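**Student:** Mind looking over this structure? Questions follow.
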Amino acid sequence: MLHISTRRDAAQGGFGRAVAGAVIAVAIAMNVPLQIAAASQQSAATKKPTLDIMLTSKPSPPKTGDNTFEVMVKDPAGKPITDAEVTAMFVMAAMPAMKMPEMKNNVTLKHEKEGRYVGTGQVMMAGKWDVTVMVKRAGKEIGSKKFPVTAQ
């Protein structure tokens with residue numbers, strides 16, 4: 001007697017699914033590195049070279065009140081940038097427990113020589129500040145860098 005069934009044997013179905021899963025896994029594994037490499041090449045091609053931006057203060061660390069800030073700006077090749085507009089934005093986060101709002105202060109720095117920009121600005125209170133130095137040419141930002149600063 002011949003027995004015909006449309007029902008799959010459980011062992012055969014499990015094996016078939018395992019093979020299909022392995023084929024899909026291999027296809028994904030082979031394709032993912034290509035996609036990652038392509039994305040890396042694309043982002044490297046569109047990514048702008050970064051400026052070398054250094055911030056110092058006199059006195060160091062800064063104190064409450066007037067301080068002199070110096071920023072050195074160099075292009076990716078190490079050449080000083082002498083024709084930029086440079087600002088340093090000081091931000092202290094709000095402290096709700098002390099009922100203190102966020103504090104901000106902008107300091108404009110003027111070019112002195114060889115990529116060195118200098119300006120005087122106030123640090124309104126002792127504590128931790130986030131300082132973002134922004135470098136612009138013709139009103140367009142060409143670089144920025146964030147520095148943590150603790151004033152005394």
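As shown in the structure tokens, the chain order sets the letters A, B, ...; within each chain, residues go from 1, and ligands are also counted from 1 in the order they appear.
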Please provide the set of residues having any atom within 10 Å of segment 121-133 of chain A, restricted to only C-alpha atoms, with same-chain residues fewer than 4 positions apart removed, written as number ranges by chain.
**Tutor:** A: 53-55, 62-69, 71, 86-93, 103-109, 143-152
**Student:** Go through A:Gly139, A:Met98, A:Lys58, A:His111 one by one, measure the shortest atom-to-atom distance of each to Asp83 of chain A using only C-alpha atoms, and give the residue with the smallest value.
**Tutor:** A:His111
**Student:** Any idea what the distance is between atom CA of Ser57 of chain A and atom CA of Ala138 of chain A?
**Tutor:** 26.4 Å
**Student:** Restricting the calculation to only C-alpha atoms, which member of A:Ala94, A:Val118, A:Val135, A:Met100 is positioned closest to Asp52 of chain A?
**Tutor:**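 Looking at the shortest contact to Asp52 of chain A, the residue is A:Val135.
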**Student:** Apply DSSP to the structure's backbone, then extract all residues of segment 45-87 of chain A labelled strand (DSSP E) and return them as a PyMOL selection string.
**Tutor:** chain A and resi 52-58+65-74+85-87
**Student:** Output N, CA and C atoms for every residue in that selection, as a PDB file, in the first residue's frame.
**Tutor:**
ATOM      1  N   ASP A  52      42.568  72.327  14.428  1.00  0.00           N
ATOM      2  CA  ASP A  52      43.208  72.133  15.719  1.00  0.00           C
ATOM      3  C   ASP A  52      42.919  73.398  16.523  1.00  0.00           C
ATOM      4  N   ILE A  53      42.110  73.249  17.575  1.00  0.00           N
ATOM      5  CA  ILE A  53      41.694  74.387  18.397  1.00  0.00           C
ATOM      6  C   ILE A  53      42.135  74.135  19.834  1.00  0.00           C
ATOM      7  N   MET A  54      42.898  75.080  20.404  1.00  0.00           N
ATOM      8  CA  MET A  54      43.364  74.957  21.785  1.00  0.00           C
ATOM      9  C   MET A  54      42.931  76.191  22.573  1.00  0.00           C
ATOM     10  N   LEU A  55      42.482  75.966  23.797  1.00  0.00           N
ATOM     11  CA  LEU A  55      42.018  77.049  24.672  1.00  0.00           C
ATOM     12  C   LEU A  55      42.880  77.098  25.926  1.00  0.00           C
ATOM     13  N   THR A  56      43.323  78.299  26.284  1.00  0.00           N
ATOM     14  CA  THR A  56      44.029  78.502  27.546  1.00  0.00           C
ATOM     15  C   THR A  56      43.469  79.763  28.206  1.00  0.00           C
ATOM     16  N   SER A  57      43.747  79.906  29.502  1.00  0.00           N
ATOM     17  CA  SER A  57      43.272  81.096  30.220  1.00  0.00           C
ATOM     18  C   SER A  57      44.371  81.631  31.121  1.00  0.00           C
ATOM     19  N   LYS A  58      44.274  82.936  31.380  1.00  0.00           N
ATOM     20  CA  LYS A  58      45.157  83.594  32.346  1.00  0.00           C
ATOM     21  C   LYS A  58      44.254  84.358  33.290  1.00  0.00           C
ATOM     22  N   GLY A  65      35.167  86.523  37.757  1.00  0.00           N
ATOM     23  CA  GLY A  65      35.529  87.875  37.328  1.00  0.00           C
ATOM     24  C   GLY A  65      36.194  87.851  35.965  1.00  0.00           C
ATOM     25  N   ASP A  66      36.955  88.907  35.670  1.00  0.00           N
ATOM     26  CA  ASP A  66      37.614  89.029  34.367  1.00  0.00           C
ATOM     27  C   ASP A  66      38.798  88.076  34.243  1.00  0.00           C
ATOM     28  N   ASN A  67      38.894  87.446  33.071  1.00  0.00           N
ATOM     29  CA  ASN A  67      39.979  86.539  32.740  1.00  0.00           C
ATOM     30  C   ASN A  67      40.369  86.798  31.290  1.00  0.00           C
ATOM     31  N   THR A  68      41.607  86.484  30.948  1.00  0.00           N
ATOM     32  CA  THR A  68      42.058  86.578  29.564  1.00  0.00           C
ATOM     33  C   THR A  68      42.061  85.169  28.985  1.00  0.00           C
ATOM     34  N   PHE A  69      41.418  85.031  27.834  1.00  0.00           N
ATOM     35  CA  PHE A  69      41.344  83.727  27.168  1.00  0.00           C
ATOM     36  C   PHE A  69      42.103  83.797  25.860  1.00  0.00           C
ATOM     37  N   GLU A  70      42.851  82.738  25.584  1.00  0.00           N
ATOM     38  CA  GLU A  70      43.605  82.630  24.338  1.00  0.00           C
ATOM     39  C   GLU A  70      43.186  81.356  23.621  1.00  0.00           C
ATOM     40  N   VAL A  71      42.986  81.477  22.318  1.00  0.00           N
ATOM     41  CA  VAL A  71      42.647  80.327  21.485  1.00  0.00           C
ATOM     42  C   VAL A  71      43.643  80.283  20.336  1.00  0.00           C
ATOM     43  N   MET A  72      44.249  79.128  20.129  1.00  0.00           N
ATOM     44  CA  MET A  72      45.145  78.914  18.997  1.00  0.00           C
ATOM     45  C   MET A  72      44.383  78.072  17.985  1.00  0.00           C
ATOM     46  N   VAL A  73      44.359  78.546  16.724  1.00  0.00           N
ATOM     47  CA  VAL A  73      43.614  77.848  15.675  1.00  0.00           C
ATOM     48  C   VAL A  73      44.560  77.511  14.527  1.00  0.00           C
ATOM     49  N   LYS A  74      44.593  76.221  14.172  1.00  0.00           N
ATOM     50  CA  LYS A  74      45.415  75.759  13.048  1.00  0.00           C
ATOM     51  C   LYS A  74      44.571  74.890  12.124  1.00  0.00           C
ATOM     52  N   GLU A  85      36.850  84.550  12.597  1.00  0.00           N
ATOM     53  CA  GLU A  85      36.124  85.159  13.707  1.00  0.00           C
ATOM     54  C   GLU A  85      36.029  84.070  14.769  1.00  0.00           C
ATOM     55  N   VAL A  86      36.533  84.341  15.961  1.00  0.00           N
ATOM     56  CA  VAL A  86      36.578  83.322  17.009  1.00  0.00           C
ATOM     57  C   VAL A  86      35.815  83.807  18.234  1.00  0.00           C
ATOM     58  N   THR A  87      34.916  82.953  18.722  1.00  0.00           N
ATOM     59  CA  THR A  87      34.176  83.243  19.952  1.00  0.00           C
ATOM     60  C   THR A  87      34.237  82.037  20.874  1.00  0.00           C
TER      61      THR A  87
END
